[in-house]
Structure formats: C-alpha cells, structure tokens
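**Student:** Pasting in a structure now, in structure tokens, and then I'll have a few things to ask.
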Amino acid sequence: MTPSSIIRERTDSTMMAWRVHEFGPPEVMKFERVPRPEPDPGQVLVKVKAAGVGPWDGWIRSGKSALPQPLLLTLGSDLSGEIVAMGSGVSGLRVGDQVYGVTNPQFVGAYAEYALASAGMVSNKPTSLTHVEASSVPVVAVTAWQALFDHAQLKAGQTVVIHGAAGNVGSYAVQLARHAGLQTVATASTGDISIVRNLGANTVIDYRTQRFEDEVRDADAVIDLVGGETQSHSFQVLRRGGKLISAVSRPDQDLARRYGVEATFFLVDVTSQYLMKIARFIDDGKLRTSVGAVLPLADAREAHLMLERVRPQPKGKIVLDVGAS
C-alpha cells in the first residue's frame with residue numbers, strides 16, 4: 001500500500017464535524033475529526049454541501065431544547081447535499097441523488113462533511129436552487145406550511161395574522177398565505193414593511209408605531225412567531241372559534257378559554273412529502289428563499305455568535321457552505 005493510498009483511506013474514513021461535549025455558549029463548540037458514519041436501515045449518508053443554521057441549533061447547543069439531547073452530539077439539522085450511501089429498506093432514493101431536508105427527529109448531525117439522515121426526512125432538492133439556497137429552506141418552510149394548513153386549517157378567503165412576517169418562517173408563511181388566497185395581516189418593523197408587502201401581505205402593521213390589537217378584529221387565525229406580549233395580545237384579535245398557532249411558546253390556555261378560541265404550540269414535523277410540496281412551489285416560482293450570511297463550515301462558531309447577537313446578524317437564513325471549506 002503506497003503512502004498516498006494510506007492517506008486517502010484514512011481521510012475517507014474520517015471527517016470534520018462540529019461537536020458539543022457539554023452544553024453552553026458558542027465557545028463549547030469543537031471542530032473535530034471524527035469517524036465517518038455508516039447508514040443503518042432507513043438512513044442515507046449525505047455528503048453535505050451546505051447546512052442551515054437556525055435558532056433551534058443554539059437552543060440545542062445551550063441545553064435549552066424542547067427535545068431531549070444526549071451528549072455527545074454533532075450540531076445541525078437542515079442540510080443539502082448528495083446521497084453517497086444508503087442503509088437497507090430505503091425506497092424512492094438513489095446514491096447520487098441531490099437531496100435536501102433534515103437529519104433526524106433530534107435535529108442533530110448536519111454541521112459535518114457527511115451526515116446521516118432519516119430517509120423519510122429528505123427529498124430531492126429543488127432543481128432551481130443551489131445547495132446553499134436549498135439548505136436554508138427545510139425547517140422554516142415546513143414550519144410555515146404546517147402552521148397555516150395543518151394546525152390553523154385555513155382556507156381561501158379567510159383572514160390570518162402573521163407575527164414576525166419578515167423573519168425566516170414568517171416570510172414563507174406570507175408567501176404561502178398569498179398563494180392559498182388568504183387575507184393576510186402581517187406585523188413587521190418599520191424597515192421591513194416594503195419587504196413584507198412585496199411578499200404578498202394584504203395589510204402590513206408597523207409594530208413599532210401601531211398596536212395591532214387596535215387594527216384587527218375577527219381574524220380566523222394568528223400565526224405567532226414572536227411569543228411574549230405579542231402572543232398574549234393576539235387573543236383579542238381572533239373571532240370566537242378562531243385559532244392561535246405558535247411555533248415559539250405554549251399559549252395561555254386560561255386566555256384561550258376566556259376568548260373562546262383554540263391555542264396551540266407545535267414542533268415542526270419535517271417529512272419527504274412536505275419537502276416535495278415545498279420543492280414544487282419553489283421550482284414553479286411561487287416561493288422565494290432568503291439566504292443571509294454564508295460562512296464556511298470551519299466558521300460555524302461565528303454563525304452561533306450571530307444567533308446570540310454577539311455578532312451582527314444579517315436578514316435571511318445563516319448557511320454553512322460545506323463545499324467551500
């Protein structure tokens with residue numbers, strides 16, 4: 001065996017990944033060489049081209065996730081890349097497929113050169129998007145879809161209030177609401193009003209200068225992507241029997257009873273079926289993506305400093321360009 005083949009074999013059997021040995025601030029993240037994983041039944045091994053960075057990654061890193069997370073773990077859930085190996089029992093996918101989606105129900109493993117993914121949580125990526133763009137989509141776009149159509153069960157002609165409409169989930173929710181024929185009232189800050197209007201909101205309320213609860217009555221649903229006082233004040237804008245759907249925190253059930261509405265918190269459930277629907281919308285030109293900062297994999301700690309607002313965070317989704325590392 002030549003020295004070069006020994007090096008290649010060693011390189012092929014290992015990879016670089018961002019690991020967390022203890023919960024804490026971004027400083028606990030370690031960029032380490034680890035064994036390359038092998039897919040079990042029902043899994044695919046993805047050569048990661050890009051990984052999305054979301055607030056939930058920060059919650060997992062700091063030990064504040066709603067999902068139990070055993071240490072040691074590799075951070076990251078959103079990804080886009082190429083299938084290089086498959087476990088048994090996987091159908092509808094092939095080695096060589098360009099896919100996007102989420103790693104697993106624990107939302108870990110994507111900040112790496114290779115990642116294992118549950119076959120039922122990935123799908124062929126939108127052909128019109130680069131891997132960097134595609135990795136920005138899965139969690140936030142599926143969250144928006146499920147909030148509007150699965151949990152709020154909205155239909156054409158109904159009115160929805162979307163809080164945080166300029167954010168990563170909110171911007172998809174506004175676009176999806178428009179295509180579904182909903183009347184959309186969106187709240188955003190002064191600098192984002194024109195952006196949200198261009199995404200298709202019928203009415204945009206500047207939450208810095210207006211009280212949305214003075215402007216809206218008898219909405220069919222509120223999609224809460226903000227929490228706090230915004231959530232608690234949202235009960236009064238709903239019609240009786242309306243629905244408050246939150247992706248950020250559990251609503252007050254006493255308030256829900258007082259106003260005669262349903263109030264639900266949900267965790268996103270990313271599946272291949274939703275990813276296929278989203279990909280069709282994107283490739284048909286019905287959904288625009290928004291990528292913010294793009295960093296090489298080696299700079300994932302910088303991305304988490306942006307999540308913590310220690311570094312400036314630009315609009316749009318933070319993405320790790322693994323191919324650039």
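Chains: A, B, ... in order of the structure tokens. Residues: from 1 per chain. Ligands: from 1, in order shown.
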Might you pull out every residue within 12 Å of stretch 185-200 of chain A, with only C-alpha atoms counted and same-chain residues fewer than 5 positions away left off, and present them as an mmCIF file with N, CA and C atoms, in the first residue's frame?

**Tutor:**
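The result, written out as selection16.cif:
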data_model
loop_
_atom_site.group_PDB
_atom_site.id
_atom_site.type_symbol
_atom_site.label_atom_id
_atom_site.label_comp_id
_atom_site.auth_asym_id
_atom_site.auth_seq_id
_atom_site.Cartn_x
_atom_site.Cartn_y
_atom_site.Cartn_z
ATOM 1 N N GLN A 158 -60.224 33.284 4.052
ATOM 2 C CA GLN A 158 -60.122 33.537 5.483
ATOM 3 C C GLN A 158 -58.980 34.521 5.774
ATOM 4 N N THR A 159 -59.020 35.077 6.985
ATOM 5 C CA THR A 159 -58.044 36.101 7.379
ATOM 6 C C THR A 159 -57.066 35.532 8.394
ATOM 7 N N VAL A 160 -55.782 35.749 8.145
ATOM 8 C CA VAL A 160 -54.743 35.294 9.063
ATOM 9 C C VAL A 160 -53.837 36.469 9.434
ATOM 10 N N VAL A 161 -53.474 36.535 10.712
ATOM 11 C CA VAL A 161 -52.483 37.496 11.189
ATOM 12 C C VAL A 161 -51.161 36.741 11.361
ATOM 13 N N ILE A 162 -50.101 37.244 10.748
ATOM 14 C CA ILE A 162 -48.786 36.607 10.844
ATOM 15 C C ILE A 162 -47.836 37.555 11.560
ATOM 16 N N HIS A 163 -47.409 37.166 12.759
ATOM 17 C CA HIS A 163 -46.441 37.966 13.520
ATOM 18 C C HIS A 163 -45.022 37.531 13.165
ATOM 19 N N GLY A 164 -44.124 38.513 13.086
ATOM 20 C CA GLY A 164 -42.752 38.194 12.690
ATOM 21 C C GLY A 164 -42.673 37.864 11.215
ATOM 22 N N ALA A 165 -43.430 38.623 10.411
ATOM 23 C CA ALA A 165 -43.612 38.276 8.997
ATOM 24 C C ALA A 165 -42.349 38.456 8.158
ATOM 25 N N ALA A 166 -41.378 39.213 8.645
ATOM 26 C CA ALA A 166 -40.132 39.391 7.884
ATOM 27 C C ALA A 166 -39.078 38.369 8.268
ATOM 28 N N GLY A 167 -39.377 37.529 9.255
ATOM 29 C CA GLY A 167 -38.416 36.525 9.700
ATOM 30 C C GLY A 167 -38.359 35.340 8.750
ATOM 31 N N ASN A 168 -37.520 34.363 9.079
ATOM 32 C CA ASN A 168 -37.310 33.236 8.170
ATOM 33 C C ASN A 168 -38.557 32.381 7.998
ATOM 34 N N GLY A 170 -41.719 33.508 8.932
ATOM 35 C CA GLY A 170 -42.767 34.448 8.546
ATOM 36 C C GLY A 170 -42.795 34.763 7.067
ATOM 37 N N SER A 171 -41.618 34.899 6.461
ATOM 38 C CA SER A 171 -41.588 35.259 5.041
ATOM 39 C C SER A 171 -42.163 34.136 4.177
ATOM 40 N N TYR A 172 -41.943 32.873 4.576
ATOM 41 C CA TYR A 172 -42.597 31.764 3.856
ATOM 42 C C TYR A 172 -44.091 31.743 4.134
ATOM 43 N N ALA A 173 -44.481 32.012 5.380
ATOM 44 C CA ALA A 173 -45.905 31.994 5.725
ATOM 45 C C ALA A 173 -46.676 33.029 4.899
ATOM 46 N N VAL A 174 -46.111 34.230 4.740
ATOM 47 C CA VAL A 174 -46.780 35.278 3.951
ATOM 48 C C VAL A 174 -46.938 34.827 2.498
ATOM 49 N N GLN A 175 -45.890 34.253 1.926
ATOM 50 C CA GLN A 175 -45.962 33.818 0.526
ATOM 51 C C GLN A 175 -46.963 32.674 0.344
ATOM 52 N N LEU A 176 -46.931 31.700 1.248
ATOM 53 C CA LEU A 176 -47.862 30.576 1.149
ATOM 54 C C LEU A 176 -49.307 31.029 1.340
ATOM 55 N N ALA A 177 -49.511 31.983 2.271
ATOM 56 C CA ALA A 177 -50.861 32.508 2.509
ATOM 57 C C ALA A 177 -51.405 33.185 1.250
ATOM 58 N N ARG A 178 -50.552 33.940 0.581
ATOM 59 C CA ARG A 178 -50.987 34.628 -0.650
ATOM 60 C C ARG A 178 -51.415 33.605 -1.706
ATOM 61 N N HIS A 179 -50.605 32.561 -1.895
ATOM 62 C CA HIS A 179 -50.938 31.573 -2.923
ATOM 63 C C HIS A 179 -52.174 30.761 -2.558
ATOM 64 N N ALA A 180 -52.510 30.708 -1.264
ATOM 65 C CA ALA A 180 -53.714 29.980 -0.835
ATOM 66 C C ALA A 180 -54.961 30.857 -0.856
ATOM 67 N N ILE A 205 -48.661 45.930 9.342
ATOM 68 C CA ILE A 205 -48.724 46.801 10.515
ATOM 69 C C ILE A 205 -47.321 46.961 11.085
ATOM 70 N N ASP A 206 -46.913 48.217 11.252
ATOM 71 C CA ASP A 206 -45.607 48.517 11.857
ATOM 72 C C ASP A 206 -45.759 48.399 13.380
ATOM 73 N N TYR A 207 -45.218 47.315 13.940
ATOM 74 C CA TYR A 207 -45.450 47.082 15.378
ATOM 75 C C TYR A 207 -44.730 48.106 16.256
ATOM 76 N N ARG A 208 -43.807 48.865 15.671
ATOM 77 C CA ARG A 208 -43.111 49.889 16.459
ATOM 78 C C ARG A 208 -43.981 51.132 16.671
ATOM 79 N N THR A 209 -44.878 51.396 15.715
ATOM 80 C CA THR A 209 -45.683 52.622 15.790
ATOM 81 C C THR A 209 -47.181 52.359 15.914
ATOM 82 N N GLN A 210 -47.620 51.102 15.693
ATOM 83 C CA GLN A 210 -49.051 50.784 15.762
ATOM 84 C C GLN A 210 -49.272 49.592 16.696
ATOM 85 N N ARG A 211 -50.425 49.588 17.352
ATOM 86 C CA ARG A 211 -50.823 48.422 18.156
ATOM 87 C C ARG A 211 -51.722 47.557 17.273
ATOM 88 N N PHE A 212 -51.243 46.372 16.920
ATOM 89 C CA PHE A 212 -52.018 45.522 16.004
ATOM 90 C C PHE A 212 -53.388 45.202 16.577
ATOM 91 N N GLU A 213 -53.499 45.120 17.934
ATOM 92 C CA GLU A 213 -54.784 44.760 18.533
ATOM 93 C C GLU A 213 -55.821 45.876 18.369
ATOM 94 N N GLU A 215 -55.985 47.441 15.409
ATOM 95 C CA GLU A 215 -56.204 47.498 13.953
ATOM 96 C C GLU A 215 -56.970 46.289 13.412
ATOM 97 N N VAL A 216 -56.987 45.177 14.148
ATOM 98 C CA VAL A 216 -57.518 43.921 13.601
ATOM 99 C C VAL A 216 -58.645 43.397 14.489
ATOM 100 N N ARG A 217 -59.685 42.870 13.856
ATOM 101 C CA ARG A 217 -60.790 42.227 14.564
ATOM 102 C C ARG A 217 -61.238 40.986 13.794
ATOM 103 N N ASP A 218 -61.689 39.984 14.526
ATOM 104 C CA ASP A 218 -62.351 38.806 13.950
ATOM 105 C C ASP A 218 -61.496 38.036 12.939
ATOM 106 N N ALA A 219 -60.192 37.958 13.199
ATOM 107 C CA ALA A 219 -59.332 37.125 12.353
ATOM 108 C C ALA A 219 -59.655 35.654 12.594
ATOM 109 N N ASP A 220 -59.479 34.845 11.556
ATOM 110 C CA ASP A 220 -59.717 33.403 11.696
ATOM 111 C C ASP A 220 -58.560 32.713 12.410
ATOM 112 N N ALA A 221 -57.350 33.239 12.227
ATOM 113 C CA ALA A 221 -56.193 32.611 12.873
ATOM 114 C C ALA A 221 -55.073 33.629 13.051
ATOM 115 N N VAL A 222 -54.248 33.368 14.058
ATOM 116 C CA VAL A 222 -52.999 34.107 14.266
ATOM 117 C C VAL A 222 -51.863 33.093 14.219
ATOM 118 N N ILE A 223 -50.851 33.378 13.412
ATOM 119 C CA ILE A 223 -49.622 32.573 13.405
ATOM 120 C C ILE A 223 -48.586 33.361 14.200
ATOM 121 N N ASP A 224 -48.259 32.858 15.387
ATOM 122 C CA ASP A 224 -47.366 33.563 16.313
ATOM 123 C C ASP A 224 -45.943 33.030 16.169
ATOM 124 N N LEU A 225 -45.056 33.904 15.670
ATOM 125 C CA LEU A 225 -43.636 33.554 15.518
ATOM 126 C C LEU A 225 -42.774 34.465 16.379
ATOM 127 N N VAL A 226 -43.416 35.096 17.393
ATOM 128 C CA VAL A 226 -42.740 36.084 18.233
ATOM 129 C C VAL A 226 -42.806 35.710 19.714
ATOM 130 N N THR A 230 -46.712 39.855 22.461
ATOM 131 C CA THR A 230 -47.359 39.757 21.148
ATOM 132 C C THR A 230 -48.342 38.598 21.138
ATOM 133 N N SER A 234 -52.632 38.716 21.201
ATOM 134 C CA SER A 234 -53.238 38.214 19.962
ATOM 135 C C SER A 234 -54.616 37.604 20.166
ATOM 136 N N VAL A 237 -57.695 39.664 18.924
ATOM 137 C CA VAL A 237 -57.968 39.960 17.508
ATOM 138 C C VAL A 237 -58.664 38.790 16.810
ATOM 139 N N LYS A 286 -43.157 30.056 -7.083
ATOM 140 C CA LYS A 286 -44.155 30.565 -6.142
ATOM 141 C C LYS A 286 -43.578 30.902 -4.764
ATOM 142 N N LEU A 287 -42.353 30.475 -4.480
ATOM 143 C CA LEU A 287 -41.719 30.763 -3.197
ATOM 144 C C LEU A 287 -40.302 31.256 -3.424
ATOM 145 N N ARG A 288 -39.974 32.366 -2.767
ATOM 146 C CA ARG A 288 -38.605 32.899 -2.826
ATOM 147 C C ARG A 288 -37.878 32.547 -1.537
ATOM 148 N N THR A 289 -36.631 32.150 -1.674
ATOM 149 C CA THR A 289 -35.811 31.869 -0.492
ATOM 150 C C THR A 289 -35.045 33.127 -0.103
ATOM 151 N N SER A 290 -34.544 33.141 1.124
ATOM 152 C CA SER A 290 -33.771 34.292 1.598
ATOM 153 C C SER A 290 -32.579 33.793 2.406
ATOM 154 N N LYS A 315 -30.224 39.929 7.572
ATOM 155 C CA LYS A 315 -31.528 39.332 7.258
ATOM 156 C C LYS A 315 -31.327 38.029 6.508
ATOM 157 N N GLY A 316 -32.257 37.110 6.668
ATOM 158 C CA GLY A 316 -32.178 35.853 5.937
ATOM 159 C C GLY A 316 -31.526 34.758 6.763
#

**Student:** Can you pull out the residues contacting stretch 263-273 of chain A? Cut-off 7 Å, using only C-alpha atoms, and skip same-chain residues under 4 positions away; I want them as a PyMOL selection string.

**Tutor:** chain A and resi 102+120-123+139+142-143+243-247+249-251+253+256+277

**Student:** Output C-alpha atoms for every residue in the selection just made, as a compact mmCIF listing (two decimals), in the first residue's frame.

**Tutor:**
# COMPACT_ATOMS: atom_id res chain seq x y z
CA VAL A 102 -33.43 17.42 7.90
CA GLY A 120 -38.26 9.90 5.40
CA MET A 121 -36.95 13.39 6.26
CA VAL A 122 -35.17 14.20 2.97
CA SER A 123 -36.30 14.62 -0.63
CA VAL A 139 -37.32 23.62 8.78
CA VAL A 142 -42.29 23.33 6.51
CA THR A 143 -43.00 25.16 9.79
CA LYS A 243 -57.09 29.63 16.31
CA LEU A 244 -53.82 30.91 17.74
CA ILE A 245 -50.94 28.76 16.48
CA SER A 246 -47.49 29.33 17.96
CA ALA A 247 -44.18 27.90 16.81
CA SER A 249 -44.04 29.05 23.04
CA ARG A 250 -47.07 27.45 24.68
CA PRO A 251 -50.09 29.80 24.71
CA GLN A 253 -54.99 28.17 27.99
CA ALA A 256 -57.88 30.83 25.23
CA LYS A 277 -44.57 20.06 -1.95

**Student:** What is the distance, in Å and to one decimal place, between atom CA of A:Arg33 and atom CA of A:Leu320?

**Tutor:**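 Rounded to one decimal, the two atoms are 17.4 Å apart.
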
**Student:** Hey, what does DSSP flag as strand (DSSP E) within stretch 124-194 of chain A? Can you give it to me as number ranges by chain?

**Tutor:** A: 124, 159-162, 183-188

**Student:** Once you have the residues from the selection above, write them out as a short mmCIF file (atom, residue, chain, number, x, y, z; two decimals), in the first residue's frame, restricted to N, CA and C atoms.

**Tutor:**
data_model
loop_
_atom_site.label_atom_id
_atom_site.label_comp_id
_atom_site.auth_asym_id
_atom_site.auth_seq_id
_atom_site.Cartn_x
_atom_site.Cartn_y
_atom_site.Cartn_z
N ASN A 124 -35.64 14.97 -2.94
CA ASN A 124 -34.85 15.62 -3.99
C ASN A 124 -34.96 17.13 -3.85
N THR A 159 -59.02 35.08 6.98
CA THR A 159 -58.04 36.10 7.38
C THR A 159 -57.07 35.53 8.39
N VAL A 160 -55.78 35.75 8.15
CA VAL A 160 -54.74 35.29 9.06
C VAL A 160 -53.84 36.47 9.43
N VAL A 161 -53.47 36.54 10.71
CA VAL A 161 -52.48 37.50 11.19
C VAL A 161 -51.16 36.74 11.36
N ILE A 162 -50.10 37.24 10.75
CA ILE A 162 -48.79 36.61 10.84
C ILE A 162 -47.84 37.56 11.56
N GLN A 183 -56.50 36.26 3.20
CA GLN A 183 -56.30 37.69 3.50
C GLN A 183 -55.26 37.75 4.62
N THR A 184 -54.13 38.36 4.34
CA THR A 184 -53.00 38.33 5.28
C THR A 184 -52.75 39.68 5.91
N VAL A 185 -52.78 39.72 7.24
CA VAL A 185 -52.36 40.89 8.00
C VAL A 185 -51.02 40.52 8.64
N ALA A 186 -49.98 41.27 8.31
CA ALA A 186 -48.64 40.93 8.78
C ALA A 186 -48.11 42.02 9.69
N THR A 187 -47.40 41.63 10.74
CA THR A 187 -46.72 42.62 11.58
C THR A 187 -45.22 42.53 11.31
N ALA A 188 -44.60 43.71 11.25
CA ALA A 188 -43.16 43.79 10.97
C ALA A 188 -42.64 45.12 11.49
#

**Student:** With only C-alpha atoms as the basis for distance, which of A:Ala115, A:Val34, A:Leu75, A:Val44 is at the shortest distance from A:Gly87?

**Tutor:**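 Ranking A:Ala115, A:Val34, A:Leu75, A:Val44 by distance to A:Gly87, first place goes to A:Val44.
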
**Student:** State, in Å with one decimal place, the distance from atom CA of A:Arg94 to atom CA of A:Ala279.

**Tutor:**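 Here the two named atoms are 18.0 Å from each other.
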
**Student:** Which residue, A:Trp59, A:Phe23, A:Phe281, A:Phe31, has the smallest gap to A:Leu71 when you use only C-alpha atoms?

**Tutor:**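 Going through A:Trp59, A:Phe23, A:Phe281, A:Phe31 one by one, the smallest distance to A:Leu71 is for A:Phe23.
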
**Student:** So that I can see what lies close to A:Ala17, please list as a PyMOL selection string the residues with an atom at most 12 Å from it, counting only C-alpha atoms and leaving out residues fewer than 6 positions away in the same chain.

**Tutor:** chain A and resi 29-37+48+51+73-76+108-115+297-301+320+322+325

**Student:** Kindly save the residues from that selection, with C-alpha atoms included, as an mmCIF file, in the first residue's frame.

**Tutor:**
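Contents of the output file selection_7.cif:
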data_model
loop_
_atom_site.group_PDB
_atom_site.id
_atom_site.type_symbol
_atom_site.label_atom_id
_atom_site.label_comp_id
_atom_site.auth_asym_id
_atom_site.auth_seq_id
_atom_site.Cartn_x
_atom_site.Cartn_y
_atom_site.Cartn_z
ATOM 1 C CA MET A 29 -18.370 24.046 20.112
ATOM 2 C CA LYS A 30 -15.377 21.954 18.982
ATOM 3 C CA PHE A 31 -14.356 21.391 15.347
ATOM 4 C CA GLU A 32 -13.057 17.824 15.420
ATOM 5 C CA ARG A 33 -12.009 14.967 13.168
ATOM 6 C CA VAL A 34 -14.387 12.059 13.789
ATOM 7 C CA PRO A 35 -15.182 8.712 12.136
ATOM 8 C CA ARG A 36 -17.380 8.984 9.068
ATOM 9 C CA PRO A 37 -20.741 7.358 9.965
ATOM 10 C CA VAL A 48 -23.101 17.645 2.936
ATOM 11 C CA ALA A 51 -26.029 23.163 6.266
ATOM 12 C CA LEU A 73 -23.662 15.415 19.784
ATOM 13 C CA THR A 74 -22.898 16.942 16.404
ATOM 14 C CA LEU A 75 -24.863 20.146 15.792
ATOM 15 C CA GLY A 76 -27.115 20.905 12.826
ATOM 16 C CA VAL A 108 -28.567 16.927 15.084
ATOM 17 C CA GLY A 109 -25.692 15.847 12.839
ATOM 18 C CA ALA A 110 -25.589 18.281 9.891
ATOM 19 C CA TYR A 111 -22.583 20.522 10.713
ATOM 20 C CA ALA A 112 -20.229 17.961 9.201
ATOM 21 C CA GLU A 113 -18.703 16.863 5.923
ATOM 22 C CA TYR A 114 -21.005 13.818 5.947
ATOM 23 C CA ALA A 115 -24.294 13.379 7.790
ATOM 24 C CA LEU A 297 -18.084 25.054 7.775
ATOM 25 C CA ALA A 298 -14.989 25.944 9.791
ATOM 26 C CA ASP A 299 -16.708 29.202 10.868
ATOM 27 C CA ALA A 300 -19.800 27.587 12.463
ATOM 28 C CA ARG A 301 -18.926 29.126 15.836
ATOM 29 C CA LEU A 320 -22.628 26.959 6.304
ATOM 30 C CA VAL A 322 -19.517 22.954 3.498
ATOM 31 C CA SER A 325 -14.450 24.561 3.456
#

**Student:** Quick one: DSSP helix (DSSP H, G or I) residues in stretch 90-160 of chain A, as a PyMOL selection string?

**Tutor:** chain A and resi 119-121+131-135+138-151

**Student:** Name the closest residue to A:Pro26 among the candidates A:Val291, A:Leu45, A:Leu72, A:Val310; distances are taken between atoms, counting only C-alpha atoms.

**Tutor:**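 Among the listed residues, A:Val310 lies closest to A:Pro26.
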
**Student:** Provide the atom CA of A:Gly228 to atom CA of A:Asp254 distance in Å, to one decimal place.

**Tutor:** 15.4 Å
